[in-house]
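Undergrad: I'm passing along input.pdb; it holds PDB, C-alpha atoms.
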```pdb
MODEL        1
ATOM      1  CA  MET A   1     -11.763  -0.337  -0.509
ATOM      2  CA  VAL A   2     -11.099   2.374   2.026
ATOM      3  CA  GLN A   3      -7.890   4.410   1.889
ATOM      4  CA  ILE A   4      -6.197   4.502   5.304
ATOM      5  CA  ALA A   5      -2.790   5.986   4.440
ATOM      6  CA  GLY A   6      -1.117   8.125   1.797
ATOM      7  CA  ASP A   7      -1.902  11.794   1.438
ATOM      8  CA  CYS A   8      -1.637  12.340  -2.306
ATOM      9  CA  LYS A   9      -4.553  13.611  -4.347
ATOM     10  CA  GLY A  10      -4.077  11.519  -7.517
ATOM     11  CA  ASP A  11      -4.025   7.821  -8.343
ATOM     12  CA  ASP A  12      -0.282   7.515  -8.920
ATOM     13  CA  CYS A  13       1.268   7.646  -5.475
ATOM     14  CA  PRO A  14       1.800   5.348  -2.475
ATOM     15  CA  LYS A  15      -1.418   4.457  -0.687
ATOM     16  CA  VAL A  16      -2.667   1.770   1.695
ATOM     17  CA  PHE A  17      -6.255   0.507   1.682
ATOM     18  CA  THR A  18      -8.389  -1.903   3.699
ATOM     19  CA  THR A  19     -10.906  -4.191   1.980
ATOM     20  CA  ASP A  20     -14.200  -5.792   2.930
ATOM     21  CA  ARG A  21     -12.343  -9.144   2.930
ATOM     22  CA  ASN A  22     -10.294  -8.127   6.026
ATOM     23  CA  SER A  23      -7.150  -7.580   3.957
ATOM     24  CA  ILE A  24      -4.738  -4.772   3.089
ATOM     25  CA  VAL A  25      -3.978  -3.467  -0.414
ATOM     26  CA  VAL A  26      -0.807  -1.454  -1.049
ATOM     27  CA  GLN A  27      -0.183   0.819  -4.052
ATOM     28  CA  GLY A  28       3.390   1.885  -4.659
ATOM     29  CA  ASP A  29       6.307   1.962  -7.057
ATOM     30  CA  LEU A  30       6.984  -1.363  -8.789
ATOM     31  CA  VAL A  31      10.197  -3.049  -7.620
ATOM     32  CA  THR A  32      11.910  -4.913 -10.445
ATOM     33  CA  SER A  33      14.953  -6.154  -8.514
ATOM     34  CA  VAL A  34      12.868  -8.891  -6.843
ATOM     35  CA  THR A  35      11.346 -11.734  -8.837
ATOM     36  CA  SER A  36       7.780 -12.554  -7.837
ATOM     37  CA  PRO A  37       5.416 -15.273  -9.060
ATOM     38  CA  GLN A  38       3.231 -14.577 -12.081
ATOM     39  CA  GLY A  39       0.184 -12.527 -11.108
ATOM     40  CA  GLU A  40       1.959 -10.931  -8.134
ATOM     41  CA  ALA A  41       4.014  -7.766  -7.765
ATOM     42  CA  VAL A  42       6.406  -6.297  -5.240
ATOM     43  CA  VAL A  43       5.872  -2.599  -4.514
ATOM     44  CA  GLU A  44       7.757  -0.048  -2.464
ATOM     45  CA  ILE A  45       6.119   2.566  -0.259
ATOM     46  CA  PRO A  46       7.713   5.097   2.096
ATOM     47  CA  ARG A  47       8.063   3.985   5.704
ATOM     48  CA  ALA A  48       5.982   6.993   6.795
ATOM     49  CA  VAL A  49       3.003   5.725   4.753
ATOM     50  CA  TRP A  50       3.332   2.264   6.331
ATOM     51  CA  GLU A  51       3.480   3.815   9.820
ATOM     52  CA  GLU A  52       0.400   5.940   9.031
ATOM     53  CA  ALA A  53      -1.450   2.766   8.006
ATOM     54  CA  ALA A  54      -0.424   1.005  11.221
ATOM     55  CA  ARG A  55      -1.733   3.906  13.295
ATOM     56  CA  ALA A  56      -5.009   3.892  11.332
ATOM     57  CA  LEU A  57      -5.389   0.176  12.137
ATOM     58  CA  GLY A  58      -4.729   0.820  15.821
ATOM     59  CA  GLY A  59      -1.119  -0.421  15.866
TER      60      GLY A  59
ENDMDL
END
```
Let me see the structure of the file written as structure tokens.
TA:
Amino acid sequence: MVQIAGDCKGDDCPKVFTTDRNSIVVQGDLVTSVTSPQGEAVVEIPRAVWEEAARALGG
């Protein structure tokens, strides 16, 4: 994975990555107010991190 957004130095903050499978991986705070299927999670990241990722992808 290659980090394309999120400027924190540790492992416990919002980040966006690209993968070698042409997909996006998002790390963020777990959202518990939304029910998701088993094996999936809903996470929240700041809009600024999402916008940074879009710029990194050429959007």
Undergrad: Using only C-alpha atoms, which of A:Gly58, A:Ala5, A:Thr18, A:Glu44 sits nearest Leu30 (chain A)?
TA: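 Between A:Gly58, A:Ala5, A:Thr18, A:Glu44, the residue approaching Leu30 (chain A) most closely is A:Glu44.
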Undergrad: Contacts of Thr19 (chain A) at 9 Å or less, counting all atoms listed in the file, minus same-chain residues fewer than 6 places along, as a list in words?
TA: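 Everything that qualifies: Met1, Val2 and Val25 of chain A.
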Undergrad: Applied to the shown file, which residues does the PyMOL selection byres ((chain A and resi 26-28) around 12) return, written as a ChimeraX atom specification?
TA: /A:1-6,8,10-19,23-25,29-31,41-47,49-50,53
Undergrad: Could you check how far CA of Gly39 (chain A) sits from CA of Ala56 (chain A), in Å to one decimal?
TA: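 Result for CA of Gly39 (chain A) versus CA of Ala56 (chain A): 28.3 Å, one decimal.
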Undergrad: Record the distance separating CA of Arg21 (chain A) and CA of Pro37 (chain A), expressed in Å with one decimal.
TA: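 Answer for the CA of Arg21 (chain A) to CA of Pro37 (chain A) separation: 22.3 Å.
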Undergrad: Let me know the centre plus edge lengths, in Å and rounded to one decimal, of a box with edges along x, y and z that contains all listed atoms of region 12-25 of chain A and is padded by 4 Å on every side, as lines of an AutoDock Vina configuration file.
TA:
```
center_x = -6.2
center_y = -0.7
center_z = -1.4
size_x = 24.0
size_y = 24.8
size_z = 22.9
```
Undergrad: Would you mind putting back all heavy atoms on region 29-40 of chain A, then writing it out as a PDB file, in the coordinates of the input?
TA:
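Contents of result24.pdb, freshly written:
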```
ATOM      1  N   ASP A  29       5.430   2.093  -5.896  1.00  0.00           N
ATOM      2  CA  ASP A  29       6.307   1.962  -7.057  1.00  0.00           C
ATOM      3  C   ASP A  29       6.696   0.498  -7.245  1.00  0.00           C
ATOM      4  O   ASP A  29       7.060  -0.186  -6.280  1.00  0.00           O
ATOM      5  CB  ASP A  29       7.578   2.796  -6.870  1.00  0.00           C
ATOM      6  CG  ASP A  29       7.284   4.282  -6.850  1.00  0.00           C
ATOM      7  OD1 ASP A  29       6.356   4.710  -7.572  1.00  0.00           O
ATOM      8  OD2 ASP A  29       7.978   5.011  -6.125  1.00  0.00           O
ATOM      9  N   LEU A  30       6.629   0.010  -8.473  1.00  0.00           N
ATOM     10  CA  LEU A  30       6.984  -1.363  -8.789  1.00  0.00           C
ATOM     11  C   LEU A  30       8.474  -1.580  -8.557  1.00  0.00           C
ATOM     12  O   LEU A  30       9.311  -0.781  -8.984  1.00  0.00           O
ATOM     13  CB  LEU A  30       6.634  -1.670 -10.246  1.00  0.00           C
ATOM     14  CG  LEU A  30       6.860  -3.094 -10.707  1.00  0.00           C
ATOM     15  CD1 LEU A  30       5.977  -4.064  -9.917  1.00  0.00           C
ATOM     16  CD2 LEU A  30       6.570  -3.204 -12.183  1.00  0.00           C
ATOM     17  N   VAL A  31       8.806  -2.671  -7.871  1.00  0.00           N
ATOM     18  CA  VAL A  31      10.197  -3.049  -7.620  1.00  0.00           C
ATOM     19  C   VAL A  31      10.548  -4.152  -8.606  1.00  0.00           C
ATOM     20  O   VAL A  31       9.905  -5.207  -8.630  1.00  0.00           O
ATOM     21  CB  VAL A  31      10.374  -3.550  -6.164  1.00  0.00           C
ATOM     22  CG1 VAL A  31      11.792  -4.053  -5.940  1.00  0.00           C
ATOM     23  CG2 VAL A  31      10.036  -2.455  -5.181  1.00  0.00           C
ATOM     24  N   THR A  32      11.544  -3.924  -9.433  1.00  0.00           N
ATOM     25  CA  THR A  32      11.910  -4.913 -10.445  1.00  0.00           C
ATOM     26  C   THR A  32      13.135  -5.733 -10.057  1.00  0.00           C
ATOM     27  O   THR A  32      13.492  -6.667 -10.767  1.00  0.00           O
ATOM     28  CB  THR A  32      12.163  -4.227 -11.799  1.00  0.00           C
ATOM     29  OG1 THR A  32      13.212  -3.268 -11.653  1.00  0.00           O
ATOM     30  CG2 THR A  32      10.905  -3.544 -12.307  1.00  0.00           C
ATOM     31  N   SER A  33      13.760  -5.417  -8.936  1.00  0.00           N
ATOM     32  CA  SER A  33      14.953  -6.154  -8.514  1.00  0.00           C
ATOM     33  C   SER A  33      14.608  -7.430  -7.751  1.00  0.00           C
ATOM     34  O   SER A  33      15.494  -8.192  -7.401  1.00  0.00           O
ATOM     35  CB  SER A  33      15.842  -5.254  -7.653  1.00  0.00           C
ATOM     36  OG  SER A  33      15.136  -4.848  -6.496  1.00  0.00           O
ATOM     37  N   VAL A  34      13.329  -7.682  -7.526  1.00  0.00           N
ATOM     38  CA  VAL A  34      12.868  -8.891  -6.843  1.00  0.00           C
ATOM     39  C   VAL A  34      11.957  -9.641  -7.805  1.00  0.00           C
ATOM     40  O   VAL A  34      11.052  -9.048  -8.401  1.00  0.00           O
ATOM     41  CB  VAL A  34      12.092  -8.539  -5.551  1.00  0.00           C
ATOM     42  CG1 VAL A  34      11.534  -9.774  -4.899  1.00  0.00           C
ATOM     43  CG2 VAL A  34      12.970  -7.765  -4.590  1.00  0.00           C
ATOM     44  N   THR A  35      12.194 -10.929  -7.968  1.00  0.00           N
ATOM     45  CA  THR A  35      11.346 -11.734  -8.837  1.00  0.00           C
ATOM     46  C   THR A  35      10.176 -12.270  -8.029  1.00  0.00           C
ATOM     47  O   THR A  35      10.362 -12.862  -6.974  1.00  0.00           O
ATOM     48  CB  THR A  35      12.142 -12.915  -9.427  1.00  0.00           C
ATOM     49  OG1 THR A  35      13.276 -12.397 -10.122  1.00  0.00           O
ATOM     50  CG2 THR A  35      11.284 -13.730 -10.378  1.00  0.00           C
ATOM     51  N   SER A  36       8.966 -12.048  -8.523  1.00  0.00           N
ATOM     52  CA  SER A  36       7.780 -12.554  -7.837  1.00  0.00           C
ATOM     53  C   SER A  36       7.012 -13.480  -8.775  1.00  0.00           C
ATOM     54  O   SER A  36       7.166 -13.405  -9.994  1.00  0.00           O
ATOM     55  CB  SER A  36       6.901 -11.390  -7.375  1.00  0.00           C
ATOM     56  OG  SER A  36       6.530 -10.584  -8.461  1.00  0.00           O
ATOM     57  N   PRO A  37       6.178 -14.353  -8.216  1.00  0.00           N
ATOM     58  CA  PRO A  37       5.416 -15.273  -9.060  1.00  0.00           C
ATOM     59  C   PRO A  37       4.493 -14.527 -10.021  1.00  0.00           C
ATOM     60  O   PRO A  37       4.085 -13.392  -9.746  1.00  0.00           O
ATOM     61  CB  PRO A  37       4.588 -16.077  -8.045  1.00  0.00           C
ATOM     62  CG  PRO A  37       5.321 -15.941  -6.751  1.00  0.00           C
ATOM     63  CD  PRO A  37       5.942 -14.586  -6.787  1.00  0.00           C
ATOM     64  N   GLN A  38       4.132 -15.182 -11.110  1.00  0.00           N
ATOM     65  CA  GLN A  38       3.231 -14.577 -12.081  1.00  0.00           C
ATOM     66  C   GLN A  38       1.928 -14.201 -11.399  1.00  0.00           C
ATOM     67  O   GLN A  38       1.390 -14.949 -10.580  1.00  0.00           O
ATOM     68  CB  GLN A  38       2.958 -15.544 -13.227  1.00  0.00           C
ATOM     69  CG  GLN A  38       2.144 -14.919 -14.335  1.00  0.00           C
ATOM     70  CD  GLN A  38       2.101 -15.794 -15.575  1.00  0.00           C
ATOM     71  OE1 GLN A  38       2.807 -16.785 -15.678  1.00  0.00           O
ATOM     72  NE2 GLN A  38       1.277 -15.413 -16.512  1.00  0.00           N
ATOM     73  N   GLY A  39       1.424 -13.009 -11.708  1.00  0.00           N
ATOM     74  CA  GLY A  39       0.184 -12.527 -11.108  1.00  0.00           C
ATOM     75  C   GLY A  39       0.400 -11.760  -9.819  1.00  0.00           C
ATOM     76  O   GLY A  39      -0.544 -11.241  -9.241  1.00  0.00           O
ATOM     77  N   GLU A  40       1.640 -11.680  -9.344  1.00  0.00           N
ATOM     78  CA  GLU A  40       1.959 -10.931  -8.134  1.00  0.00           C
ATOM     79  C   GLU A  40       2.957  -9.832  -8.472  1.00  0.00           C
ATOM     80  O   GLU A  40       3.615  -9.873  -9.504  1.00  0.00           O
ATOM     81  CB  GLU A  40       2.558 -11.847  -7.058  1.00  0.00           C
ATOM     82  CG  GLU A  40       1.588 -12.887  -6.545  1.00  0.00           C
ATOM     83  CD  GLU A  40       2.181 -13.717  -5.425  1.00  0.00           C
ATOM     84  OE1 GLU A  40       3.304 -13.434  -4.962  1.00  0.00           O
ATOM     85  OE2 GLU A  40       1.506 -14.660  -5.009  1.00  0.00           O
TER      86      GLU A  40
END
```
